[in-house]
Each structure stands twice: as C-alpha cells, then as structure tokens.
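*Asks:* What follows is final15.cif, mmCIF, C-alpha atoms.
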data_input
#
loop_
_atom_site.label_atom_id
_atom_site.label_comp_id
_atom_site.auth_asym_id
_atom_site.auth_seq_id
_atom_site.Cartn_x
_atom_site.Cartn_y
_atom_site.Cartn_z
CA MET A 17 13.71 56.87 55.67
CA LYS A 18 12.91 53.57 57.36
CA LYS A 19 11.51 53.87 60.85
CA PRO A 20 13.70 52.13 63.45
CA ASN A 21 12.25 48.86 64.73
CA ASN A 22 10.63 48.63 68.15
CA PHE A 23 13.68 47.15 69.86
CA GLN A 24 15.99 49.89 68.54
CA ARG A 25 13.49 52.45 69.79
CA ILE A 26 13.36 50.84 73.24
CA ARG A 27 17.16 50.99 73.52
CA GLU A 28 17.00 54.76 72.89
CA LEU A 29 14.65 55.34 75.85
CA ASN A 30 15.97 56.33 79.26
CA TYR A 31 16.05 53.93 82.23
CA VAL A 32 12.69 54.92 83.74
CA GLN A 33 10.96 54.94 80.34
CA GLN A 34 12.30 51.45 79.57
CA ALA A 35 11.34 50.06 82.98
CA SER A 36 7.84 51.57 82.69
CA LEU A 37 7.43 50.08 79.23
CA ALA A 38 8.47 46.66 80.56
CA ALA A 39 5.96 46.95 83.43
CA ALA A 40 3.21 47.88 80.93
CA MET A 41 4.05 44.81 78.83
CA ILE A 42 3.72 42.63 81.94
CA GLU A 43 0.28 44.18 82.57
CA ARG A 44 -0.67 42.54 79.26
CA MET A 45 0.82 39.18 80.29
CA LEU A 46 -0.49 38.96 83.85
CA PRO A 47 -4.06 37.86 82.91
CA ASN A 48 -2.54 34.72 81.34
CA TYR A 49 -1.05 33.78 84.70
CA LEU A 50 -4.21 34.68 86.62
CA LEU A 51 -6.35 32.47 84.38
CA PHE A 52 -3.90 29.55 84.70
CA SER A 53 -3.65 30.02 88.47
CA GLU A 54 -7.41 30.10 88.88
CA ALA A 55 -8.13 27.20 86.53
CA LEU A 56 -5.54 24.90 88.11
CA GLU A 57 -5.64 26.25 91.64
CA PHE A 58 -1.90 26.79 91.43
CA GLY A 59 0.07 29.67 92.90
CA ASN A 60 -1.22 32.96 94.17
CA GLY A 61 -2.17 35.43 91.46
CA THR A 62 -2.66 38.17 94.05
CA GLU A 63 1.01 37.95 95.02
CA LEU A 64 2.04 38.46 91.40
CA ARG A 65 -0.41 41.36 91.01
CA ASN A 66 1.00 42.92 94.20
CA ALA A 67 4.58 42.38 92.99
CA LEU A 68 3.83 44.27 89.76
CA ASN A 69 2.07 47.04 91.73
CA SER A 70 5.16 47.32 93.95
CA LEU A 71 7.39 47.67 90.88
CA TRP A 72 5.19 50.50 89.56
CA GLU A 73 5.46 52.15 92.98
CA LYS A 74 9.25 51.79 92.95
CA LEU A 75 9.34 53.48 89.53
CA LEU A 76 7.23 56.35 90.85
CA LEU A 77 9.09 56.62 94.16
CA PRO A 78 12.63 55.27 93.73
CA LYS A 79 13.29 55.71 97.46
CA ALA A 80 10.24 53.62 98.45
CA LYS A 81 11.17 50.88 100.91
CA ILE A 82 10.38 47.95 98.65
CA SER A 83 12.56 44.85 98.86
CA LEU A 84 13.21 43.69 95.32
CA GLU A 85 14.78 40.50 96.76
CA LYS A 86 11.53 39.63 98.54
CA LEU A 87 9.50 40.35 95.40
CA ASN A 88 11.81 38.07 93.45
CA GLU A 89 11.31 35.27 96.00
CA LYS A 90 7.52 35.67 95.88
CA VAL A 91 7.46 35.42 92.10
CA GLU A 92 9.78 32.40 92.14
CA GLN A 93 7.54 30.64 94.69
CA ASN A 94 4.56 31.16 92.37
CA THR A 95 6.28 30.04 89.17
CA PRO A 96 4.85 26.77 87.86
CA ASP A 97 7.14 23.90 86.89
CA LEU A 98 6.70 22.87 83.28
CA ASN A 99 6.92 19.18 84.21
CA ASP A 100 3.97 19.41 86.61
CA PHE A 101 1.38 20.46 84.03
CA ASP A 102 0.27 18.78 80.85
CA MET A 103 -1.43 21.74 79.21
CA PHE A 104 -0.45 24.72 77.08
CA GLY A 105 -1.52 27.31 79.69
CA VAL A 106 1.58 26.61 81.76
CA TYR A 107 3.79 28.28 79.10
CA PRO A 108 2.24 31.78 79.21
CA ALA A 109 2.08 31.47 83.03
CA ILE A 110 5.82 30.73 83.18
CA ASP A 111 6.51 33.55 80.68
CA THR A 112 4.67 36.00 82.94
CA CYS A 113 6.79 34.96 85.95
CA THR A 114 9.99 35.08 83.88
CA ALA A 115 9.13 38.59 82.65
CA LEU A 116 8.44 39.77 86.21
CA ILE A 117 11.74 38.33 87.49
CA THR A 118 13.56 39.92 84.53
CA LEU A 119 12.04 43.33 85.37
CA ILE A 120 12.93 42.93 89.07
CA ASN A 121 16.53 41.99 88.16
CA GLY A 122 16.76 44.94 85.79
CA MET A 123 15.64 47.30 88.54
CA GLN A 124 18.00 45.70 91.09
CA GLN A 125 21.03 45.90 88.84
CA LYS A 126 19.99 49.04 86.91
CA GLU A 127 20.43 46.86 83.81
CA GLU A 128 18.48 48.29 80.89
CA ALA A 129 19.00 45.22 78.67
CA ASN A 130 16.60 43.37 81.01
CA PHE A 131 13.79 45.78 80.09
CA VAL A 132 14.27 45.01 76.40
CA ASP A 133 14.24 41.31 77.34
CA VAL A 134 10.80 41.68 78.98
CA CYS A 135 9.40 42.90 75.65
CA LYS A 136 11.10 39.99 73.89
CA ILE A 137 9.62 37.52 76.41
CA SER A 138 6.14 38.87 75.69
CA GLN A 139 6.72 38.53 71.95
CA ALA A 140 8.08 34.98 72.36
CA SER A 141 5.02 34.12 74.45
CA VAL A 142 2.75 35.28 71.62
CA ALA A 143 4.84 33.31 69.10
CA LYS A 144 4.52 30.14 71.22
CA PHE A 145 0.76 30.58 71.40
CA ILE A 146 0.43 31.10 67.63
CA GLU A 147 2.65 28.08 66.99
CA TYR A 148 0.50 25.98 69.32
CA GLN A 149 -2.67 27.17 67.56
CA LEU A 150 -1.35 26.60 64.04
CA THR A 151 0.11 23.15 64.72
CA SER A 152 -3.07 22.00 66.48
CA GLU A 153 -4.95 23.02 63.31
CA GLY A 154 -2.46 21.05 61.22
CA GLU A 155 -0.86 24.16 59.71
CA ILE A 156 2.82 24.96 59.38
CA ALA A 157 4.12 27.37 62.01
CA ASP A 158 7.21 28.79 60.31
CA ASN A 159 8.61 32.31 60.82
CA ALA A 160 6.59 33.74 57.94
CA ALA A 161 3.35 32.33 59.36
CA LEU A 162 4.19 33.66 62.83
CA ARG A 163 5.00 37.15 61.54
CA ALA A 164 1.89 37.26 59.37
CA HIS A 165 -0.45 36.17 62.16
CA PRO A 166 -2.86 38.91 63.36
CA LEU A 167 -1.93 38.31 67.03
CA MET A 168 1.77 38.93 66.31
CA ALA A 169 1.01 42.00 64.21
CA TYR A 170 -1.11 43.24 67.08
CA GLU A 171 1.62 42.54 69.65
CA MET A 172 4.06 44.67 67.63
CA GLU A 173 1.44 47.40 67.18
CA VAL A 174 0.68 47.60 70.91
CA LEU A 175 4.40 47.65 71.71
CA ALA A 176 4.90 50.53 69.25
CA GLU A 177 1.97 52.43 70.83
CA LEU A 178 3.40 51.92 74.32
CA ILE A 179 6.82 53.10 73.13
CA ASP A 180 5.18 56.23 71.63
CA LYS A 181 3.48 56.83 74.98
CA VAL A 182 6.61 56.50 77.14
CA GLU A 183 8.64 58.61 74.68
CA SER A 184 6.22 61.46 75.37
CA PHE A 185 6.83 61.38 79.14
CA GLU A 186 9.17 63.97 80.62
CA ARG A 187 9.06 62.01 83.85
CA ILE A 188 7.01 59.19 85.29
CA ASP A 189 4.28 60.39 87.62
CA LYS A 190 0.98 58.90 88.79
CA ASP A 191 -0.87 60.16 85.71
CA ALA A 192 1.76 58.69 83.40
CA VAL A 193 1.55 55.30 85.12
CA LYS A 194 -2.25 55.37 84.99
CA ALA A 195 -2.19 56.25 81.28
CA LEU A 196 0.33 53.49 80.53
CA LYS A 197 -1.63 50.84 82.43
CA GLN A 198 -4.86 51.89 80.70
CA LEU A 199 -3.24 51.80 77.27
CA ALA A 200 -1.69 48.37 77.97
CA ILE A 201 -5.08 46.79 78.67
CA ALA A 202 -7.36 49.17 76.75
CA ASP A 203 -8.43 46.39 74.38
CA GLY A 204 -9.60 44.19 77.25
CA GLN A 205 -7.32 41.30 76.37
CA SER A 206 -3.95 39.83 77.27
CA ASN A 207 -1.03 39.61 74.84
CA ILE A 208 -2.30 36.20 73.64
CA GLY A 209 -5.89 37.38 73.24
CA ILE A 210 -7.37 36.17 76.53
CA GLU A 211 -10.23 38.38 77.65
CA ILE A 212 -9.52 40.33 80.83
#
Here is the file; what I need is its structure written in the form of structure tokens.

*Replies:*
Amino acid sequence: MKKPNNFQRIRELNYVQQASLAAAMIERMLPNYLLFSEALEFGNGTELRNALNSLWEKLLLPKAKISLEKLNEKVEQNTPDLNDFDMFGVYPAIDTCTALITLINGMQQKEEANFVDVCKISQASVAKFIEYQLTSEGEIADNAALRAHPLMAYEMEVLAELIDKVESFERIDKDAVKALKQLAIADGQSNIGIEI
C-alpha cells in the first residue's frame, strides 16, 4: 500500500499538531531571514524571533495574553519589499515573513489550511533557491530537476520526520516543543542549506 504523501498526512493531524508542525518549519526558515537582515541591515531579526517564540508559547498556553494582531503588525513591518533589493536573498526573507503571517492568521482564525500552507511556502522557497542555483549554472530548472535535487529531497524528508514527531504527541507540552525545535534544526542548517 502506498504511503500517503506529506500533505495528506498533515491534513490528518489535529489543530495543535498542525500548528506546531508549521512553527517547526518556520524554525528552519528563520535563519534565511536573519542572514538577510544582518547582511543588508534591514529589519529586525529579533522581532521575528520573538514573534515565533510567542506563537510557540500560545500553542503551549492557549490562554496566554499574546496579541496575534500585534505580532502580525511586527512581522509586516519587518517584511522586505522585493523592489528594494536586487539580490536573491530577499526571496527567502520574504518567504519567512509570509510563512509567519500565515501561521499567525491560522491561529487567529483557527484555520488549519493555513498550517498546510506554511509547509508549502517552505517547499516553494526551497524550489526557488534550487531554480536560482540551476539557472545561474546554466542548467534547466524544470519540475523533474527540482524534484530530483538533493535539497528538495531533504526538505521532504525533514517534513516527513517532523510529521512523524508531531503524530506521536498526545498533547503539546514544553518537552514536545523542545523536541520539535531541536529536530527542526538538528542538522545545523536552514531549509535552503544555510548554516545556522
């Protein structure tokens, strides 16, 4: 019997499992933003880090007094404009902000489809990076090349591992969050292979 694909598996998770998975995927994206922010002296990486920490806290303590609207504003203020930067690094930085806003919206509206979207944003970010790499080397970046690329295979592998992990949780507690965060960045690199 064929194993269901990652996205089918995510849809079968409960709300907290899906939201935790989305937060773990953003842990893998955040270093891309931090590097961009530092290199170009744009935005405030600490505010994004704090926003993600607040979302983890909200998952652990649903009654925590955390304003999702304020978090959303902070992320929006730190989102780079594509037209202001003439370098590839702006794309993964924007993807990180988009994923964070998508997670915040999902938690505000209790909309599970948003959590699946966060995983898709991460995958699309990896695809963009591979495409950029291949085309700059004069190679063709078609779907087959993207799927066959080691970075994409790795992205799907890490996502499957994180799904396995959240499936095993009865509930989300501090230990579960710690384990998820560690697993997300265990390899010491972001989703596009940037060293953390």

*Asks:* Return the single residue from A:Lys81, A:Lys86, A:Lys194, A:Lys181 that is closest to Leu37 of chain A, with distances computed using only C-alpha atoms.

*Replies:*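 Nearest candidate to Leu37 of chain A out of A:Lys81, A:Lys86, A:Lys194, A:Lys181: A:Lys181.
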
*Asks:* Measuring between all atoms listed in the file, which one of A:Cys113, A:Leu162, A:Leu119, A:Met45 shows the shortest distance to Gln93 of chain A?

*Replies:*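 The answer is A:Cys113, which sits nearest to Gln93 of chain A.
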
*Asks:* One decimal, Å: what's the distance from atom CA of Lys74 of chain A over to atom CA of Leu178 of chain A, could you say?

*Replies:* 19.5 Å

*Asks:* Report the distance between atom CA of Ser152 of chain A and atom CA of Gln205 of chain A in Å, rounded to one decimal place.

*Replies:*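 Spanning atom CA of Ser152 of chain A to atom CA of Gln205 of chain A is a straight-line distance of 22.1 Å.
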
*Asks:* So which one's closest to Asn94 of chain A, A:Val134, A:Leu75, A:Leu50, A:Ala55? Using only C-alpha atoms, please.

*Replies:*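 Closest to Asn94 of chain A, using only C-alpha atoms: A:Leu50.
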
*Asks:* By how many Å are atom CA of Asp158 of chain A and atom CA of Gly204 of chain A apart?

*Replies:*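 Distance reported for this atom pair: 28.4 Å.
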
*Asks:* Starting from the shown file, work through the PyMOL selection byres ((chain A and resi 25-34) around 8) and note down what comes out as a list in words.

*Replies:*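 Selection result, ordered by chain and number: Pro20, Asn21, Asn22, Phe23, Gln24, Ala35, Ser36, Leu37, Ala38, Leu75, Lys126, Glu128, Ala129, Phe131, Val132, Ile179, Val182, Glu183, Phe185, Arg187 and Ile188 of chain A.
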
*Asks:* Neighbouring residues of Tyr170 of chain A were defined as those with any atom within 12 Å, considering all atoms listed in the file; residues of the same chain fewer than 3 positions away were excluded. Please report them as a list in words.

*Replies:*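 Listing them by chain and then by number gives Gln139, Val142, Ala143, Leu162, Arg163, Ala164, His165, Pro166, Leu167, Glu173, Val174, Leu175, Ala176, Glu177, Asp203, Gln205, Ser206, Asn207, Ile208 and Gly209 of chain A.
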
*Asks:* Each residue of segment 133-155 of chain A lying at most 12 Å from segment 99-104 of chain A should get a row with its shortest atom-to-atom pair and the distance in Å to one decimal, counting only C-alpha atoms; could you produce that, ordered by chain and increasing number, as a tab-separated table?

*Replies:*
residue	atom	partner	partner_atom	distance
A:Ser141	CA	A:Phe104	CA	11.2
A:Lys144	CA	A:Phe104	CA	9.4
A:Phe145	CA	A:Phe104	CA	8.3
A:Ile146	CA	A:Phe104	CA	11.4
A:Glu147	CA	A:Phe104	CA	11.1
A:Tyr148	CA	A:Phe104	CA	7.9
A:Gln149	CA	A:Phe104	CA	10.1
A:Ser152	CA	A:Phe104	CA	11.3

*Asks:* On this structure, the PyMOL selection byres ((chain A and resi 108) around 8) would catch which residues? List them as a short mmCIF file (atom, residue, chain, number, x, y, z; two decimals) with C-alpha atoms, keeping the file's coordinate frame, sorted by chain and number.

*Replies:*
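Generated file (selection.cif):
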data_model
loop_
_atom_site.label_atom_id
_atom_site.label_comp_id
_atom_site.auth_asym_id
_atom_site.auth_seq_id
_atom_site.Cartn_x
_atom_site.Cartn_y
_atom_site.Cartn_z
CA MET A 45 0.82 39.18 80.29
CA ASN A 48 -2.54 34.72 81.34
CA TYR A 49 -1.05 33.78 84.70
CA PHE A 104 -0.45 24.72 77.08
CA GLY A 105 -1.52 27.31 79.69
CA VAL A 106 1.58 26.61 81.76
CA TYR A 107 3.79 28.28 79.10
CA ALA A 109 2.08 31.47 83.03
CA ILE A 110 5.82 30.73 83.18
CA ASP A 111 6.51 33.55 80.68
CA THR A 112 4.67 36.00 82.94
CA SER A 141 5.02 34.12 74.45
#

*Asks:* Which one of A:Glu57, A:Ala160, A:Arg44, A:Gln125 sits closest to Leu84 of chain A if you count only C-alpha atoms?

*Replies:* A:Gln125

*Asks:* Report the residues retrieved by the PyMOL selection byres ((chain A and resi 64) around 8) from the displayed file, expressed as a PyMOL selection string.

*Replies:* chain A and resi 46+60-63+65-68+90-91+94

*Asks:* Smallest atom-to-atom distance to Met41 of chain A: which of A:Gln198, A:Gln124, A:Thr151, A:Ser138, using only C-alpha atoms?

*Replies:* A:Ser138
